[in-house]
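Okay, so here's the structure we're looking at.
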Amino acid sequence: MKLKFPKFSFSLFNFNDDFRFEEDPLASPRNTGIFSEYSTEFILKEFRKTKLLDDLEAQGFKHPRLVLDTSDIFVHRMTLTDKVLLEGTSSEHEDNALVVNENNYLIDGFFRRKDNLIHGDIKGYQDLIRFRDEDTSAEPRNSSMGNGKLNKNGTATSRIHEELKRRVTESSINSTVKNHPRFANTVQHKFKLSPADAKRVLMFIDHWLPKELKVTSIEWLGMQNPLKEFPVDRPPAPAQKHPGLGVAEKFTNSLYYLAKRKNRDGLMNCPEHFSNAYFYERSNWCFINPAFEGYFKALKSNLMEDIRKHGIAAVSWAFLFGHVTDNSGNPEIWNAEDQILPSSKRMVAYFKSKRYTELVDEFYKKFLTDPLGKPRVYIDWDEAPEVHQYSIWYQSLALKNKTTSS
C-alpha cells in the first residue's frame, strides 16, 4: 500500500507575497524564553497577517487582548482573550497579570524554547532504547509534555509552572476513566517494538536526525469559544470544555513563521489524546519515530469508518474508556510520542527521506492487521454505551427519536 505524505515545501502555508520576516524592535532581552523575542504588538500583527483575528471578529470578538507571561525563564504563556469575555469579571492579579479561567480566554498556551534538544531527551527515542534493551518497566525521563505530561525542567515554584500543572491535571484522564472496569483483567496493549526492530529504527534516527534540534515545544494549548455550546454534530473531545474556534491552523501558521524566522527546526508537541494527534497530522505534523508514525496511520486506517460515522471525538473517548480493542477484547492504550511540524530544511529532509518513508510503510503494514489478517483493532459500539453521548450518530438518532415522539 502506498502511503500519502504531506507535500512539504519551505513555504509550507500559502501567505501573500507581502509576508516578510520583520524584526521586533520592542522585544525584551530579559530572559531566554520563547516570547522574550517578541512584543504583544508584534504577535498581534502576525495574527492579523494569517487572518486569525478576522475569523475571531466574525465570531463577535472584535476587541482582542493578548497577554504574554514571561515571568518564568523556561516556560512562557500566551493568552488571547477579548473585552467581551472580561466585562464584569475580576481578572487581574495585583501585578496586572491576567487571571485565566476556563471561561475568559480564546487561546491559552504554554510554550518552551528548546535550543539543544538531543536525541536522548526525545520521548520516542527513550522508548526505542527501552524496547531495544527490553526494559519496558522504566518510565521515559524528562519527556516533552505538549498537551500531556509536565516537563521536569524549569522553576517548579513559579506561578506559570503552577498554572501549567493545573492545566495538565485538568486535561488528563480522570480517576473514573482510569478505574474503568474495561481495564480490569485484560492485557493492555501499547505501542511496542521488538528489540531487533527498535535497534533498526534507532540506527536510522541516529544517522538522519540532527544531533541537536532547536524547537518550540507546545507544553499545553487550548482554543475555545466560551460563549457557545456544543452542537449535536460537534460533541466535545477529551479535555474540551467549550467548542473550538476553527482557527487552529491559522494559529499554528503564526507559530510556524515565528519559529522559522528564528531559524528553528520546527514546532513540537506530544498529543495526549488520539484526537489531538489526528488534527495535528492533518496540518502536516509527523512523529519523529517513523515506526510510531506507521502505527498511528494503521490505527487511523482501522478506525476510519468509526471516525466517519461517529466522529473523531467519540473515537478518542473510546480509547480512554478501553473500547478500542483487539479481536480478543484487550484494550489498546494511546501513549503518544513526539510530533514535529518542520520549519527547517534539515527537518523537512528528515521526514521526506526515502528511509523514513520506507520505515513508516513497513510498520504501517505490521500494525494494520492481526496474524489472521483481520484489522488489528476495532470498536464494538454496542458495548460502549458511555461513549454514545460523544457520538454524532447516536446523538443524531436520539434527537430524531425525540422529535418523532413529540
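Each chain of the C-alpha cells is named A, B, ... in the order shown, its residues numbered from 1; ligands are numbered from 1 in display order.
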
Next on the checklist: Report as number ranges by chain all protein, DNA and RNA residues lying within 9 Å of range 210-217 of chain A, evaluated on only C-alpha atoms, omitting residues in the same chain fewer than 5 positions from it.
Outcome noted: A: 34, 110-119, 144-146, 205, 255, 259, 263-270, 340, 346-347, 350

Next on the checklist: List as a PyMOL selection string the protein and nucleic acid residues near Lys192 in chain A, meaning an atom at most 10 Å away when only C-alpha atoms are counted, but skip any in the same chain fewer than 4 places from it.
Outcome noted: chain A and resi 127-128+130-131+136+197-198+291-292+295

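The spacing separating CA of Ala298 in chain A from CA of Ala239 in chain A amounts to 24.4 Å.
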
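A straight line drawn from CA of Ala313 in chain A to CA of Lys300 in chain A is 13.2 Å long.
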
Next on the checklist: For a quick check of understanding, using only C-alpha atoms, which of A:Gly373, A:Gly244, A:Pro342, A:Gly294 has the smallest distance to Tyr256 in chain A?
Outcome noted: A:Pro342

Item to check | Near-Ser328 in chain A list (12 Å; only C-alpha atoms; drop same-chain fewer than 2 positions) as number ranges by chain | outcome: A: 186-189, 323-326, 330-332, 370, 374, 376-380

Checklist entry - Can you tell me, as a PyMOL selection string, what residues are no more than 12 Å from Phe251 in chain A when counting only C-alpha atoms, ignoring any on the same chain fewer than 4 positions away? => result chain A and resi 13+43-44+46-53+55-56+78+80+106-109+221-223+245-247+255-258+283

Requested write-out: N, CA and C atoms of the selected residues, as a compact mmCIF listing (two decimals), in the first residue's frame:
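That gives us part26.txt:
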# COMPACT_ATOMS: atom_id res chain seq x y z
N PHE A 13 2.82 27.13 4.27
CA PHE A 13 1.48 27.66 4.19
C PHE A 13 1.48 28.84 3.21
N ILE A 43 3.20 40.19 17.81
CA ILE A 43 2.48 38.92 17.65
C ILE A 43 1.07 39.16 17.12
N LEU A 44 0.40 40.20 17.62
CA LEU A 44 -0.93 40.53 17.10
C LEU A 44 -0.87 40.88 15.62
N GLU A 46 1.23 39.54 13.53
CA GLU A 46 1.33 38.26 12.84
C GLU A 46 -0.03 37.57 12.76
N PHE A 47 -0.81 37.66 13.84
CA PHE A 47 -2.16 37.09 13.84
C PHE A 47 -3.03 37.76 12.77
N ARG A 48 -2.81 39.05 12.58
CA ARG A 48 -3.58 39.76 11.57
C ARG A 48 -3.20 39.28 10.17
N LYS A 49 -1.92 39.00 9.96
CA LYS A 49 -1.47 38.54 8.64
C LYS A 49 -2.05 37.19 8.27
N THR A 50 -2.21 36.32 9.25
CA THR A 50 -2.75 34.98 8.97
C THR A 50 -4.28 34.97 8.96
N LYS A 51 -4.90 36.13 9.12
CA LYS A 51 -6.36 36.27 9.12
C LYS A 51 -7.01 35.65 10.35
N LEU A 52 -6.21 35.30 11.36
CA LEU A 52 -6.77 34.72 12.58
C LEU A 52 -7.70 35.71 13.27
N LEU A 53 -7.28 36.96 13.37
CA LEU A 53 -8.11 37.97 14.04
C LEU A 53 -9.38 38.24 13.25
N ASP A 55 -11.08 36.02 11.60
CA ASP A 55 -12.00 34.93 11.94
C ASP A 55 -12.63 35.15 13.31
N LEU A 56 -11.84 35.65 14.26
CA LEU A 56 -12.38 35.91 15.59
C LEU A 56 -13.39 37.06 15.57
N MET A 78 1.10 32.34 26.62
CA MET A 78 0.42 33.27 25.73
C MET A 78 -1.08 33.08 25.90
N LEU A 80 -4.78 34.74 24.62
CA LEU A 80 -5.55 35.67 23.79
C LEU A 80 -6.99 35.65 24.29
N LEU A 106 -9.76 32.84 24.78
CA LEU A 106 -9.99 32.25 23.46
C LEU A 106 -8.88 31.25 23.14
N ILE A 107 -7.64 31.67 23.34
CA ILE A 107 -6.48 30.80 23.14
C ILE A 107 -5.58 30.93 24.37
N ASP A 108 -5.18 29.81 24.90
CA ASP A 108 -4.28 29.82 26.06
C ASP A 108 -3.24 28.74 25.83
N GLY A 109 -1.96 29.10 25.89
CA GLY A 109 -0.91 28.13 25.60
C GLY A 109 0.34 28.36 26.41
N LEU A 221 -1.96 23.53 25.15
CA LEU A 221 -2.62 24.51 24.28
C LEU A 221 -4.11 24.26 24.27
N GLY A 222 -4.88 25.33 24.46
CA GLY A 222 -6.33 25.24 24.38
C GLY A 222 -6.88 26.38 23.55
N MET A 223 -7.86 26.07 22.69
CA MET A 223 -8.55 27.08 21.88
C MET A 223 -10.04 26.85 22.00
N LEU A 245 -12.76 27.22 17.99
CA LEU A 245 -12.89 28.48 17.26
C LEU A 245 -12.72 28.31 15.75
N GLY A 246 -12.20 27.16 15.33
CA GLY A 246 -11.93 26.96 13.92
C GLY A 246 -10.73 27.72 13.42
N VAL A 247 -9.81 28.08 14.33
CA VAL A 247 -8.64 28.87 13.93
C VAL A 247 -7.33 28.14 14.21
N LEU A 255 2.61 30.53 14.67
CA LEU A 255 3.72 29.97 15.44
C LEU A 255 4.81 29.44 14.52
N TYR A 256 4.38 28.83 13.42
CA TYR A 256 5.33 28.26 12.45
C TYR A 256 6.26 29.35 11.91
N TYR A 257 5.68 30.49 11.54
CA TYR A 257 6.51 31.54 10.97
C TYR A 257 7.36 32.25 12.03
N LEU A 258 6.88 32.31 13.25
CA LEU A 258 7.72 32.84 14.33
C LEU A 258 8.92 31.92 14.53
N SER A 283 -2.47 18.84 9.63
CA SER A 283 -1.76 20.09 9.36
C SER A 283 -0.27 19.86 9.15

Checklist entry - Tell me, which residues of range 188-398 of chain A carry DSSP helix (DSSP H, G or I), written as a ChimeraX atom specification? => result /A:195-208,248-261,274-282,290-310,312-320,345-352,354-368,381-383,385-390,392-398
